[in-house]
Amino acid sequence: MTHTEPFEGTRGQRIFLTATTPPEFTLDNYKNVLLDPSNSEGMAKAFFNTLTVTIPATIIPILIAAFAAYALAWMEFPGRALLIATIVGLLVVPLQLALIPLLKFHNEIGIGKGYLGTWMAHTGFGLPLAIYLLRNYMVGLPRDIIENAKVDGASDFQIFVKIILPLSFPALASFAIFQFLWTWNDLLVALVFLIDSTGETTVMTKQIVELLGTRGGNWEILATSAFVSIAVPLMVFFTMQKYLVRGLLAGSVK
Amino acid sequence: MHPALQGLITIVIGISGCVGYFYFSNQFIDKVLFPPRGENAGRNINRANMIRPWLFLLPALLALGLYLAYPVYETLRLSLTERSTLPDGTTAYAFVGLDNYGQMMREPKFWEALRNNAMWLLVVPALSTAFGLLAAQLTDRIKWGAAAKSMIFMPMAISFVGAAVIFKLVYDARPVTQDQIGALNAIYLALGGTEPQTWLTIPIWNNFFLMAVLVWIQTGFAMVILSAALRGIPEGTIEAAIVDGANPFQLFFKIKVPQIKGTIMVVWTTITIVVLKVFDIVFAMTNGQWETQVLANYMFDKLFRANDWGVGSASAMVIMLLVTPILVWNVRNARKEMK
């Protein structure tokens, strides 16, 4: 993309500025970034948008995956091994492949760009790991408990809800943390499926990228905004590290 | 409607929909379709048990099929077609064979992205795994090891974009007359450099400055997995080696590492996949300028800036092709394990 005409005219003068007042500690940056409603570069709206993306996108795949994982772990049916292998394969399919076809699909069914499509996309992309993690965990549950319940006349649905789900709590928590971190930190899915030209639905990661472009030198604004977006995952990380480690150990394909 | 409210409603509908679907479909089978009583009780129970797994799997299969399996096929198809807008405003797709791939091959930016991806593939998994292994070994027997591990692991929780901001600050350059706020330039000047460098604009080397971000993030992942593997090594082998007079280096490289080779491979391949999909870091820090393009960002460029679905899909297929060997390897391992 080079312009054919030569550059004419002179460059503007470069100006360097040296501050004479020394820096001081202040919380004004946070006030400015979080609480000032007139600040269009503020993070308040983006924060709530991120939250709106994250919570449904974390909860819905867990439920769907839990049922599927139970079937793959404890029910006998033809094609089970093949299905598990397929899911292991889907674990590594790059997200990039899904962008155009799904955008096209979302436009065709009329939901276009928006939260609904984003939640569905995150659900689809999160499912292979969720099913894989949960199945691996459920397979390890003691067979006796399940068989005793069956002898006592419990249906599969009852066994699942009353026995398997409570016992699988650690695995469910592990996946919930993964999915939360992944959806909270995501940029690509939000760019493609959520953020339209109005910018009303912008998320924090996108907002920060914008700031990197427009406010590249204003580190007080950039650092404050970045910290606002980092703070929540860090809190989750430090309070639930145990489950995160457990999930990583169970989730890496052996 | 406020999006938060919409979100809440979606959660409620989603969850009650899921639970309701599972509950009522199971009820339907047991009470209406194949009741386990009457003259056909035995046959009905068998039939119900044949259908039930598929009831449990259906929502997951639909989602997986629509959001992962179908896109693979559709991307392949789109990479072989050309999209054009007709005069009356409708879009038309024409089969063009491998034209999109040909067009992509003629673009220097594609080769640059491929070259950079190759460098990322060589450097990032190797360094992350090596640092992770080192950290796992060193933090194993010391008192503050747990705290150190926590700090090394922490970047896992931070978004690529957040990490990009942190490293942009590290690489920041100010005119030489001012104090440097970028750590790298401060060190560089302290070591005798004369002029602050804008690190991210120096071709070839800037790729490594970007890779550092991903290494920083992935080292924690490698450490956690490898640390668990190191703990799992039978004590006997280590004690025997010590009795035989092995020094710490021999102990580490000749006794411990060979025993966790499988886990090292797993860590390596997992990070390799992350590298192949790397997008956010490049997008946020250089956006592919100064010869730092990578495939995922190249694809994004084609899709949403050039609006060229054909070449965009073709580059997505290249990423898929690069992932495929790992996919096959993973599936084979998983099958072996199940037998």
# chains A, B, ... in the order shown; residues from 1 in each chain; ligands from 1
call {"tool": "interface_residues", "arguments": {"of": "chain A", "to": "chain B", "cutoff": "7 Å", "atoms": "only C-alpha atoms", "output": "PyMOL selection string"}}
result
chain A and resi 52+56+60+64-65+67-68+71+75+77+85+88-89+92-94+96-98+101+121+124-125+181+185+187+205+209+226+230+233-234+237+245+249+252-254
call {"tool": "write_last_selection", "arguments": {"atoms": "C-alpha atoms", "output": "short mmCIF file (atom, residue, chain, number, x, y, z; two decimals), in the first residue's frame"}}
result
data_model
loop_
_atom_site.label_atom_id
_atom_site.label_comp_id
_atom_site.auth_asym_id
_atom_site.auth_seq_id
_atom_site.Cartn_x
_atom_site.Cartn_y
_atom_site.Cartn_z
CA THR A 52 -22.17 -9.95 30.66
CA PRO A 56 -23.46 -17.07 30.72
CA ILE A 60 -24.01 -22.87 29.99
CA ILE A 64 -24.19 -29.32 28.58
CA ALA A 65 -20.75 -30.85 29.01
CA PHE A 67 -24.45 -34.53 30.77
CA ALA A 68 -22.35 -35.51 27.77
CA ALA A 71 -22.88 -40.49 29.00
CA MET A 75 -23.16 -45.44 29.65
CA PHE A 77 -23.41 -47.51 23.56
CA ALA A 85 -11.49 -39.70 20.06
CA VAL A 88 -9.88 -35.17 21.74
CA GLY A 89 -9.36 -34.17 18.12
CA VAL A 92 -7.00 -28.56 19.13
CA VAL A 93 -9.06 -27.31 16.20
CA PRO A 94 -8.07 -23.65 15.86
CA GLN A 96 -9.68 -19.22 13.50
CA LEU A 97 -11.46 -21.73 11.32
CA ALA A 98 -14.76 -20.97 12.94
CA PRO A 101 -18.49 -19.71 8.78
CA ALA A 121 -19.57 -19.28 20.25
CA GLY A 124 -19.08 -24.28 21.36
CA PHE A 125 -15.37 -23.52 21.71
CA LEU A 181 -10.43 -16.81 32.57
CA ASN A 185 -9.40 -12.48 28.68
CA LEU A 187 -10.18 -10.60 22.44
CA THR A 205 -9.56 -6.20 26.13
CA VAL A 209 -6.13 -2.25 22.49
CA ALA A 226 -5.06 -2.71 32.13
CA ILE A 230 -6.36 -7.86 35.17
CA PRO A 233 -8.71 -12.80 36.95
CA LEU A 234 -5.93 -12.31 39.48
CA PHE A 237 -6.39 -17.00 40.39
CA VAL A 245 -3.72 -26.57 39.01
CA LEU A 249 -3.12 -31.60 35.34
CA SER A 252 -3.44 -31.85 29.33
CA VAL A 253 -3.81 -34.73 26.94
CA LYS A 254 -1.71 -37.57 28.25
#
call {"tool": "select_by_dssp", "arguments": {"residues": "stretch 157-219 of chain B", "states": "helix (DSSP H, G or I)", "output": "PyMOL selection string"}}
result
chain B and resi 157+160-170+183-190+199-201+205-219
call {"tool": "closest_residue", "arguments": {"among": "B:Ile187, B:Ile238, B:Ile281, B:Ile204", "to": "B:Gln259", "atoms": "only C-alpha atoms"}}
result
B:Ile238
call {"tool": "residues_around", "arguments": {"residues": "stretch 220-223 of chain A", "least_positions_apart": "2", "cutoff": "12 Å", "atoms": "only C-alpha atoms", "output": "VMD selection string"}}
result
(chain A and resid 23 to 34 39 41 to 43 204 to 205 207 to 218 225 to 231) or (chain B and resid 161 to 170 181)
call {"tool": "select_by_dssp", "arguments": {"residues": "stretch 62-272 of chain B", "states": "strand (DSSP E or B)", "output": "list in words"}}
result
Thr81, Glu82, Arg83, Ser84, Thr85, Thr91, Ala92, Tyr93, Ala94 and Phe95 of chain B
call {"tool": "atom_distance", "arguments": {"atom1": "atom CA of A:Ile87", "atom2": "atom CA of A:Pro128"}}
result
5.6 Å
call {"tool": "closest_atom_pairs", "arguments": {"of": "stretch 222-333 of chain B", "to": "stretch 120-133 of chain B", "cutoff": "6 Å", "atoms": "only C-alpha atoms", "output": "tab-separated table"}}
result
residue	atom	partner	partner_atom	distance
B:Ala222	CA	B:Gly132	CA	4.8
B:Met223	CA	B:Gly132	CA	4.0
B:Trp268	CA	B:Pro125	CA	5.5
B:Ile271	CA	B:Pro125	CA	5.5
B:Thr272	CA	B:Pro125	CA	5.8
call {"tool": "write_last_selection", "arguments": {"atoms": "N, CA and C atoms", "output": "PDB file, in the first residue's frame"}}
result
ATOM      1  N   ALA B 222       3.910 -24.702  32.014  1.00  0.00           N
ATOM      2  CA  ALA B 222       4.873 -25.799  31.913  1.00  0.00           C
ATOM      3  C   ALA B 222       5.341 -26.225  33.296  1.00  0.00           C
ATOM      4  N   MET B 223       5.601 -25.229  34.149  1.00  0.00           N
ATOM      5  CA  MET B 223       6.113 -25.529  35.487  1.00  0.00           C
ATOM      6  C   MET B 223       5.122 -26.379  36.283  1.00  0.00           C
ATOM      7  N   TRP B 268       5.085 -29.602  25.597  1.00  0.00           N
ATOM      8  CA  TRP B 268       5.605 -29.042  24.345  1.00  0.00           C
ATOM      9  C   TRP B 268       4.499 -28.890  23.304  1.00  0.00           C
ATOM     10  N   ILE B 271       1.845 -26.206  24.204  1.00  0.00           N
ATOM     11  CA  ILE B 271       2.299 -24.835  23.956  1.00  0.00           C
ATOM     12  C   ILE B 271       2.410 -24.582  22.454  1.00  0.00           C
ATOM     13  N   THR B 272       2.803 -25.608  21.702  1.00  0.00           N
ATOM     14  CA  THR B 272       2.869 -25.459  20.249  1.00  0.00           C
ATOM     15  C   THR B 272       1.526 -25.030  19.676  1.00  0.00           C
TER      16      THR B 272
END
call {"tool": "residues_around", "arguments": {"residues": "A:Gly114", "least_positions_apart": "4", "cutoff": "7 Å", "atoms": "only C-alpha atoms", "output": "PyMOL selection string"}}
result
chain A and resi 118+193-194
